[in-house]
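S.K.: Sharing data.csv here; it has CSV, C-alpha atoms.
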chain,number,residue,atom,x,y,z
A,16,MET,CA,64.1,218.6,136.7
A,17,MET,CA,64.7,221.9,138.4
A,18,ARG,CA,67.9,223.9,137.9
A,19,ALA,CA,70.4,224.1,140.7
A,20,GLY,CA,69.6,227.1,143.0
A,21,GLU,CA,65.9,227.1,142.4
A,22,ARG,CA,63.7,226.5,145.4
A,23,ILE,CA,62.5,222.9,145.4
A,24,VAL,CA,61.1,222.3,148.9
A,25,GLU,CA,59.7,224.7,151.4
A,26,ALA,CA,57.9,224.4,154.8
A,27,ILE,CA,55.9,227.3,156.2
A,28,GLY,CA,54.9,227.3,159.9
A,29,LEU,CA,55.0,223.6,160.2
A,30,ARG,CA,53.8,222.1,163.4
A,31,VAL,CA,53.4,218.5,164.4
A,32,ALA,CA,52.0,217.3,167.7
A,33,PHE,CA,51.3,213.9,169.2
A,34,GLY,CA,48.4,213.3,171.5
A,35,HIS,CA,45.3,215.4,172.1
A,36,GLY,CA,44.1,218.0,174.6
A,37,VAL,CA,46.2,218.4,177.7
A,38,ASP,CA,48.2,215.4,176.7
A,39,ALA,CA,49.3,216.9,173.4
A,40,ARG,CA,53.1,217.2,172.9
A,41,THR,CA,54.4,219.5,170.2
A,42,VAL,CA,57.3,217.8,168.4
A,43,VAL,CA,57.8,220.2,165.5
A,44,ASP,CA,57.1,223.8,166.5
A,45,ASP,CA,56.5,226.5,163.9
A,46,VAL,CA,59.3,225.5,161.5
A,47,SER,CA,59.9,227.3,158.3
A,48,PHE,CA,62.7,226.6,155.8
A,49,GLN,CA,63.7,226.3,152.2
A,50,VAL,CA,65.8,223.8,150.3
A,51,MET,CA,67.3,224.7,146.9
A,52,ALA,CA,67.6,222.2,144.0
A,53,GLY,CA,70.9,220.4,144.1
A,54,GLU,CA,71.5,221.3,147.7
A,55,SER,CA,72.4,218.9,150.5
A,56,VAL,CA,71.0,220.1,153.9
A,57,GLY,CA,71.5,218.3,157.2
A,58,LEU,CA,69.3,218.5,160.3
A,59,ILE,CA,71.1,217.8,163.5
A,60,GLY,CA,70.1,217.8,167.2
A,61,GLU,CA,69.6,215.5,170.1
A,62,SER,CA,67.3,212.6,170.0
A,63,GLY,CA,63.7,213.7,170.3
A,64,CYS,CA,64.2,217.2,169.0
A,65,GLY,CA,61.8,216.6,166.0
A,66,LYS,CA,64.3,215.8,163.2
A,67,SER,CA,62.8,212.5,162.0
A,68,THR,CA,59.2,213.7,162.6
A,69,LEU,CA,59.9,216.7,160.3
A,70,LEU,CA,61.2,214.4,157.6
A,71,ARG,CA,58.2,212.1,157.8
A,72,ALA,CA,55.8,215.0,157.4
A,73,ILE,CA,57.7,216.2,154.3
A,74,ALA,CA,57.6,212.6,153.0
A,75,GLY,CA,53.8,212.4,153.6
A,76,LEU,CA,54.2,209.6,156.1
A,77,ASN,CA,52.8,211.8,158.9
A,78,THR,CA,49.8,213.7,157.5
A,79,ASP,CA,48.6,215.1,160.9
A,80,TYR,CA,50.4,218.5,160.7
A,81,ARG,CA,49.6,222.2,160.6
A,82,GLY,CA,51.2,224.6,158.2
A,83,SER,CA,52.2,224.2,154.6
A,84,ILE,CA,54.6,222.1,152.7
A,85,LEU,CA,55.5,223.2,149.2
A,86,LEU,CA,57.1,221.3,146.4
A,87,GLN,CA,58.5,223.3,143.5
A,88,ASP,CA,56.5,226.3,144.8
A,89,LYS,CA,53.2,224.4,144.8
A,90,GLU,CA,51.5,223.4,148.1
A,91,VAL,CA,51.1,219.6,148.4
A,92,GLY,CA,48.1,218.1,150.2
A,93,ARG,CA,48.3,215.8,153.1
A,94,VAL,CA,47.3,212.9,150.9
A,95,ARG,CA,50.0,212.8,148.2
A,96,ASP,CA,49.5,211.8,144.6
A,97,LYS,CA,51.9,209.7,142.6
A,98,ALA,CA,53.7,212.7,141.1
A,99,VAL,CA,54.7,213.9,144.5
A,100,HIS,CA,55.9,210.5,145.6
A,101,ARG,CA,57.9,210.1,142.4
A,102,CYS,CA,59.6,213.4,143.1
A,103,ILE,CA,60.4,212.7,146.8
A,104,GLN,CA,61.7,209.4,148.1
A,105,MET,CA,63.0,208.4,151.5
A,106,VAL,CA,65.8,206.2,152.8
A,107,PHE,CA,65.3,204.9,156.3
A,108,GLN,CA,67.6,204.3,159.2
A,109,ASP,CA,67.2,200.5,159.4
A,110,PRO,CA,67.5,198.9,155.9
A,111,TYR,CA,66.4,195.5,157.2
A,112,ALA,CA,63.2,196.9,158.7
A,113,SER,CA,62.4,198.8,155.5
A,114,LEU,CA,62.7,195.7,153.2
A,115,HIS,CA,60.1,193.0,153.2
A,116,PRO,CA,61.9,189.9,154.6
A,117,ARG,CA,60.0,187.5,152.3
A,118,LYS,CA,60.6,189.4,149.0
A,119,MET,CA,63.6,189.1,146.9
A,120,VAL,CA,65.5,192.2,145.9
A,121,GLN,CA,64.1,192.2,142.4
A,122,GLN,CA,60.5,192.2,143.9
A,123,ALA,CA,61.4,195.2,146.1
A,124,LEU,CA,62.7,197.1,143.1
A,125,LEU,CA,60.0,196.1,140.6
A,126,GLU,CA,57.1,197.1,143.0
A,127,PRO,CA,57.7,201.0,142.7
A,128,LEU,CA,58.1,200.7,138.9
A,129,ALA,CA,54.7,198.9,138.7
A,130,ILE,CA,53.0,201.4,141.0
A,131,HIS,CA,54.2,204.3,138.8
A,132,GLY,CA,53.6,202.5,135.5
A,133,MET,CA,57.1,202.8,134.3
A,134,ASP,CA,58.4,200.9,131.3
A,135,ARG,CA,61.6,198.9,130.8
A,136,ARG,CA,61.3,197.5,134.2
A,137,GLN,CA,63.9,194.7,134.0
A,138,GLY,CA,66.5,197.0,132.6
A,139,ARG,CA,65.7,199.6,135.3
A,140,VAL,CA,66.3,197.0,138.0
A,141,ASP,CA,69.7,196.2,136.6
A,142,ASP,CA,70.6,199.9,136.2
A,143,ALA,CA,69.5,200.7,139.8
A,144,LEU,CA,71.6,197.8,141.2
A,145,ALA,CA,74.6,198.9,139.1
A,146,ALA,CA,74.2,202.5,140.3
A,147,VAL,CA,74.6,201.4,144.0
A,148,GLY,CA,77.5,199.0,143.3
A,149,LEU,CA,75.6,195.7,143.2
A,150,GLY,CA,75.6,193.2,140.4
A,151,PRO,CA,72.6,191.5,138.7
A,152,ALA,CA,73.0,188.4,140.8
A,153,PHE,CA,71.7,190.4,143.8
A,154,ARG,CA,68.3,190.4,142.1
A,155,TYR,CA,67.6,186.9,143.5
A,156,ARG,CA,68.7,187.4,147.1
A,157,TYR,CA,66.5,187.9,150.2
A,158,PRO,CA,67.3,190.6,152.8
A,159,HIS,CA,68.6,188.1,155.3
A,160,GLU,CA,71.2,187.0,152.7
A,161,LEU,CA,72.7,190.5,152.6
A,162,SER,CA,75.0,192.4,154.8
A,163,GLY,CA,73.8,195.6,156.4
A,164,GLY,CA,75.7,197.7,153.9
A,165,GLN,CA,74.2,195.7,151.0
A,166,ARG,CA,70.7,196.1,152.4
A,167,GLN,CA,71.2,199.8,152.6
A,168,ARG,CA,72.4,199.9,149.0
A,169,VAL,CA,69.2,198.0,148.0
A,170,ALA,CA,67.1,200.6,149.9
A,171,ILE,CA,68.9,203.4,148.1
A,172,ALA,CA,68.4,201.6,144.7
A,173,ARG,CA,64.7,201.3,145.5
A,174,ALA,CA,64.4,205.0,146.3
A,175,LEU,CA,66.3,205.9,143.1
A,176,ILE,CA,64.6,203.5,140.7
A,177,ILE,CA,61.7,205.9,139.9
A,178,GLU,CA,64.1,208.8,139.3
A,179,PRO,CA,63.2,211.2,142.1
A,180,GLU,CA,64.7,214.7,142.4
A,181,ILE,CA,64.8,214.7,146.2
A,182,LEU,CA,66.0,212.1,148.7
A,183,LEU,CA,65.1,212.3,152.4
A,184,LEU,CA,67.7,210.5,154.4
A,185,ASP,CA,66.8,209.5,157.9
A,186,GLU,CA,70.0,208.5,159.7
A,187,PRO,CA,71.0,206.4,156.6
A,188,THR,CA,74.3,205.1,158.1
A,189,SER,CA,73.7,204.9,161.9
A,190,ALA,CA,72.8,201.2,161.8
A,191,LEU,CA,76.0,200.3,159.9
A,192,ASP,CA,79.6,199.6,161.0
A,193,VAL,CA,81.9,202.5,160.7
A,194,SER,CA,83.8,201.2,157.7
A,195,VAL,CA,80.5,200.5,155.9
A,196,GLN,CA,79.2,204.0,156.8
A,197,ALA,CA,82.0,205.6,154.8
A,198,GLU,CA,81.2,203.5,151.8
A,199,ILE,CA,77.5,204.5,151.9
A,200,LEU,CA,78.3,208.1,152.4
A,201,ASN,CA,80.7,208.2,149.5
A,202,LEU,CA,78.1,206.4,147.4
A,203,LEU,CA,75.4,209.0,148.3
A,204,LYS,CA,77.9,211.8,147.6
A,205,ALA,CA,78.6,210.4,144.1
A,206,LEU,CA,75.0,209.8,143.3
A,207,ARG,CA,74.1,213.4,144.2
A,208,VAL,CA,76.6,214.7,141.7
A,209,GLU,CA,75.8,212.2,139.0
A,210,ARG,CA,72.0,212.7,139.2
A,211,GLY,CA,71.7,216.2,140.4
A,212,LEU,CA,69.8,215.1,143.5
A,213,THR,CA,68.7,217.2,146.4
A,214,TYR,CA,69.2,215.8,149.9
A,215,LEU,CA,67.6,216.6,153.2
A,216,MET,CA,69.3,214.4,155.8
A,217,VAL,CA,68.7,213.8,159.5
A,218,SER,CA,71.7,212.8,161.6
A,219,HIS,CA,73.1,213.1,165.1
A,220,ASN,CA,76.6,212.4,163.7
A,221,LEU,CA,78.4,215.6,162.8
A,222,ALA,CA,81.1,213.8,160.9
A,223,VAL,CA,78.4,212.4,158.6
A,224,VAL,CA,76.8,215.8,158.2
A,225,ALA,CA,80.1,217.6,157.5
A,226,HIS,CA,81.0,215.0,154.8
A,227,LEU,CA,77.7,215.1,152.9
A,228,CYS,CA,76.0,218.5,153.5
A,229,ASP,CA,76.5,222.0,152.3
A,230,ARG,CA,74.4,223.5,155.0
A,231,VAL,CA,73.4,222.4,158.5
A,232,VAL,CA,70.4,223.3,160.6
A,233,VAL,CA,70.4,222.8,164.3
A,234,MET,CA,67.1,221.7,166.0
A,235,ASP,CA,66.2,221.9,169.6
A,236,GLY,CA,62.8,221.4,171.2
A,237,GLY,CA,61.1,221.1,167.8
A,238,ARG,CA,62.5,224.5,166.6
A,239,PHE,CA,65.2,225.6,164.2
A,240,ILE,CA,67.7,227.5,166.2
A,241,GLU,CA,70.6,228.1,163.9
A,242,ALA,CA,71.8,227.4,160.3
A,243,MET,CA,75.5,226.9,159.6
A,244,SER,CA,77.7,226.1,156.6
A,245,GLU,CA,79.7,222.9,156.4
A,246,HIS,CA,82.8,225.0,157.1
A,247,ASP,CA,81.2,226.4,160.3
A,248,VAL,CA,80.5,222.8,161.5
A,249,ARG,CA,84.0,221.6,160.8
A,250,HIS,CA,85.6,224.5,162.6
A,251,GLY,CA,83.1,224.8,165.5
A,252,HIS,CA,81.7,228.2,164.5
A,253,ALA,CA,78.3,228.5,166.1
A,254,ARG,CA,76.3,231.5,167.4
A,255,GLU,CA,73.9,229.9,169.7
A,256,PRO,CA,75.0,228.3,173.1
A,257,TYR,CA,73.2,225.1,172.4
A,258,SER,CA,74.8,224.8,168.9
A,259,ARG,CA,78.2,225.4,170.5
A,260,THR,CA,77.6,222.7,173.1
A,261,LEU,CA,76.5,220.3,170.4
A,262,LEU,CA,79.6,221.0,168.2
A,263,ASN,CA,82.0,220.9,171.1
A,264,ALA,CA,80.7,217.5,172.3
A,265,SER,CA,81.3,216.1,168.8
A,266,MET,CA,84.4,218.1,167.8
A,267,PRO,CA,86.7,215.1,167.5
A,268,MET,CA,84.2,213.5,165.0
A,269,ALA,CA,83.6,216.7,163.0
A,270,GLN,CA,87.3,217.6,162.5
Would you put the structure from the file into structure tokens?
M.R.:
Amino acid sequence: MMRAGERIVEAIGLRVAFGHGVDARTVVDDVSFQVMAGESVGLIGESGCGKSTLLRAIAGLNTDYRGSILLQDKEVGRVRDKAVHRCIQMVFQDPYASLHPRKMVQQALLEPLAIHGMDRRQGRVDDALAAVGLGPAFRYRYPHELSGGQRQRVAIARALIIEPEILLLDEPTSALDVSVQAEILNLLKALRVERGLTYLMVSHNLAVVAHLCDRVVVMDGGRFIEAMSEHDVRHGHAREPYSRTLLNASMPMAQ
């Protein structure tokens, strides 16, 4: 476990393109950044600006990138080993799509424990469910028997069960009702404090970002164009015209 304030994730000259030759389209364009241990960083921008693609590259789900990704000051390869996956876990936008429809909750939670050879598996399942506000009876439910908020809690429990240091959050509340969104955000906020987690979160919702993140980076056309504090976001303080437009369009939400 790294101490708060130490560099835990870094990208150097990261580029991701889809297609080949004249049809190639650059989605992430020469991005470099650092995230410190214990920090919560938000990536905002319009759809298609490269936010989720960047997150998938860091997670190792997209291995066709140029540049370097460093974890705890060591470059990670495109094919990640178990140690890297144990350190970095991802929570996806659609909890129903990310859970196997024919596997009970306990199977979804036991699988990562088996992959990583972790002991005390039954106890860890109960602990993970309790951490996200679900009781042991949820072990025996299938995804279709859960509400959207409960499914997302299970997805968070699955990410946490192998005790990662970093959570990558890809629009973790956008598929949920507004009232449920607040519950999940408060849960993520509490878990970050309790477990000393580092968050890198993608969202188009400035209210979500302002609630959960210390620092916000604006993306446009695959590039980082401005970094702002949570205070800047709440008060509409932006240097770049694109950032100001983005904030002004969402100001009622971000206040």
S.K.: Could you tell me how far CA of Arg207 (chain A) lies from CA of Val140 (chain A), in Å and to one decimal?
M.R.: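 According to the coordinates, CA of Arg207 (chain A) and CA of Val140 (chain A) are separated by 19.2 Å.
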S.K.: Neighbours of Arg173 (chain A) within 8 Å (all atoms listed in the file; same-chain residues fewer than 4 positions away dropped), as a list in words?
M.R.: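 Counting only the stated atoms, we get Ala123, Leu124, Pro127, Ala143, Val169 and Ile177 of chain A.
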S.K.: Mind running region 152-203 of chain A against region 48-61 of chain A at 10 Å and telling me each contacting residue's nearest atom pair with the distance in Å (one decimal), counting all atoms listed in the file, chain and number ascending, as a Markdown table?
M.R.:
| residue | atom | partner | partner_atom | distance |
| --- | --- | --- | --- | --- |
| A:Glu180 | CA | A:Ala52 | CA | 8.2 |
| A:Ile181 | CA | A:Ala52 | CA | 8.3 |
| A:Leu182 | CA | A:Ser55 | CA | 9.5 |
| A:Leu183 | CA | A:Val56 | CA | 9.9 |
| A:Leu184 | CA | A:Gly57 | CA | 9.1 |
| A:Asp185 | CA | A:Leu58 | CA | 9.6 |
S.K.: Around (77.6, 230.0, 166.6) in the file's frame, which residues reach within 12 Å when counting all atoms listed in the file? Return as a ChimeraX atom specification?
M.R.: /A:231-233,240-244,246-248,250-263
S.K.: In Å, rounded to a single decimal, give me how far CA of Leu76 (chain A) is from CA of Arg95 (chain A).
M.R.: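 Separation between CA of Arg95 (chain A) and CA of Leu76 (chain A): 9.5 Å.
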S.K.: Which is closer to Val208 (chain A) than all the others in A:Ala19, A:Met133, A:Ile103, A:Leu161, using only C-alpha atoms?
M.R.: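 Once distances to Val208 (chain A) are computed over only C-alpha atoms, the minimum belongs to A:Ala19.
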S.K.: Which of these, A:Cys64, A:Leu149, A:Ala74, A:Leu69, has the shortest distance to Val31 (chain A) once you count all atoms listed in the file?
M.R.: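 The answer is A:Leu69, which sits nearest to Val31 (chain A).
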S.K.: If I take CA of Leu221 (chain A) and CA of Met105 (chain A), how far is one from the other in Å, to one decimal?
M.R.: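 Those two atoms sit 20.4 Å apart.
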S.K.: What lies within 8 Å of region 196-203 of chain A using all atoms listed in the file, ignoring chain neighbours under 6 positions off, as a PyMOL selection string?
M.R.: chain A and resi 147+164+167-168+188-189+223+226-227
S.K.: Quick one: everything within 10 Å of Leu85 (chain A), counting all atoms listed in the file, minus sequence neighbours fewer than 5 positions away in the same chain. Send it as a VMD selection string.
M.R.: chain A and resid 22 to 27 49 73 90 to 92
S.K.: List as a ChimeraX atom specification the protein and nucleic acid residues near Gly138 (chain A), meaning an atom at most 12 Å away when all atoms listed in the file are counted, but skip any in the same chain fewer than 2 places from it.
M.R.: /A:121,124-125,128,133-136,140-145,151,154,176
S.K.: Counting all atoms listed in the file, which residue out of A:Asn220, A:Thr41, A:Gln122, A:Asn77 sits closest to Gly65 (chain A)?
M.R.: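 Closest to Gly65 (chain A), using all atoms listed in the file: A:Thr41.
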S.K.: Closest to Ala170 (chain A) among A:Asp109, A:Asp88, A:Asp79, A:Asp38, using all atoms listed in the file?
M.R.: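 Once distances to Ala170 (chain A) are computed over all atoms listed in the file, the minimum belongs to A:Asp109.
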S.K.: Point out the residue among A:Leu29, A:Ala129, A:Val94, A:Val37 with the least atom-to-atom distance to Tyr80 (chain A), counting only C-alpha atoms.
M.R.: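 So, comparing all the options, the nearest one is A:Leu29.
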S.K.: Determine the nearest neighbour of Glu126 (chain A) from the options A:Gln108, A:Arg139, A:Arg71, A:Gly211, counting all atoms listed in the file.
M.R.: A:Arg139
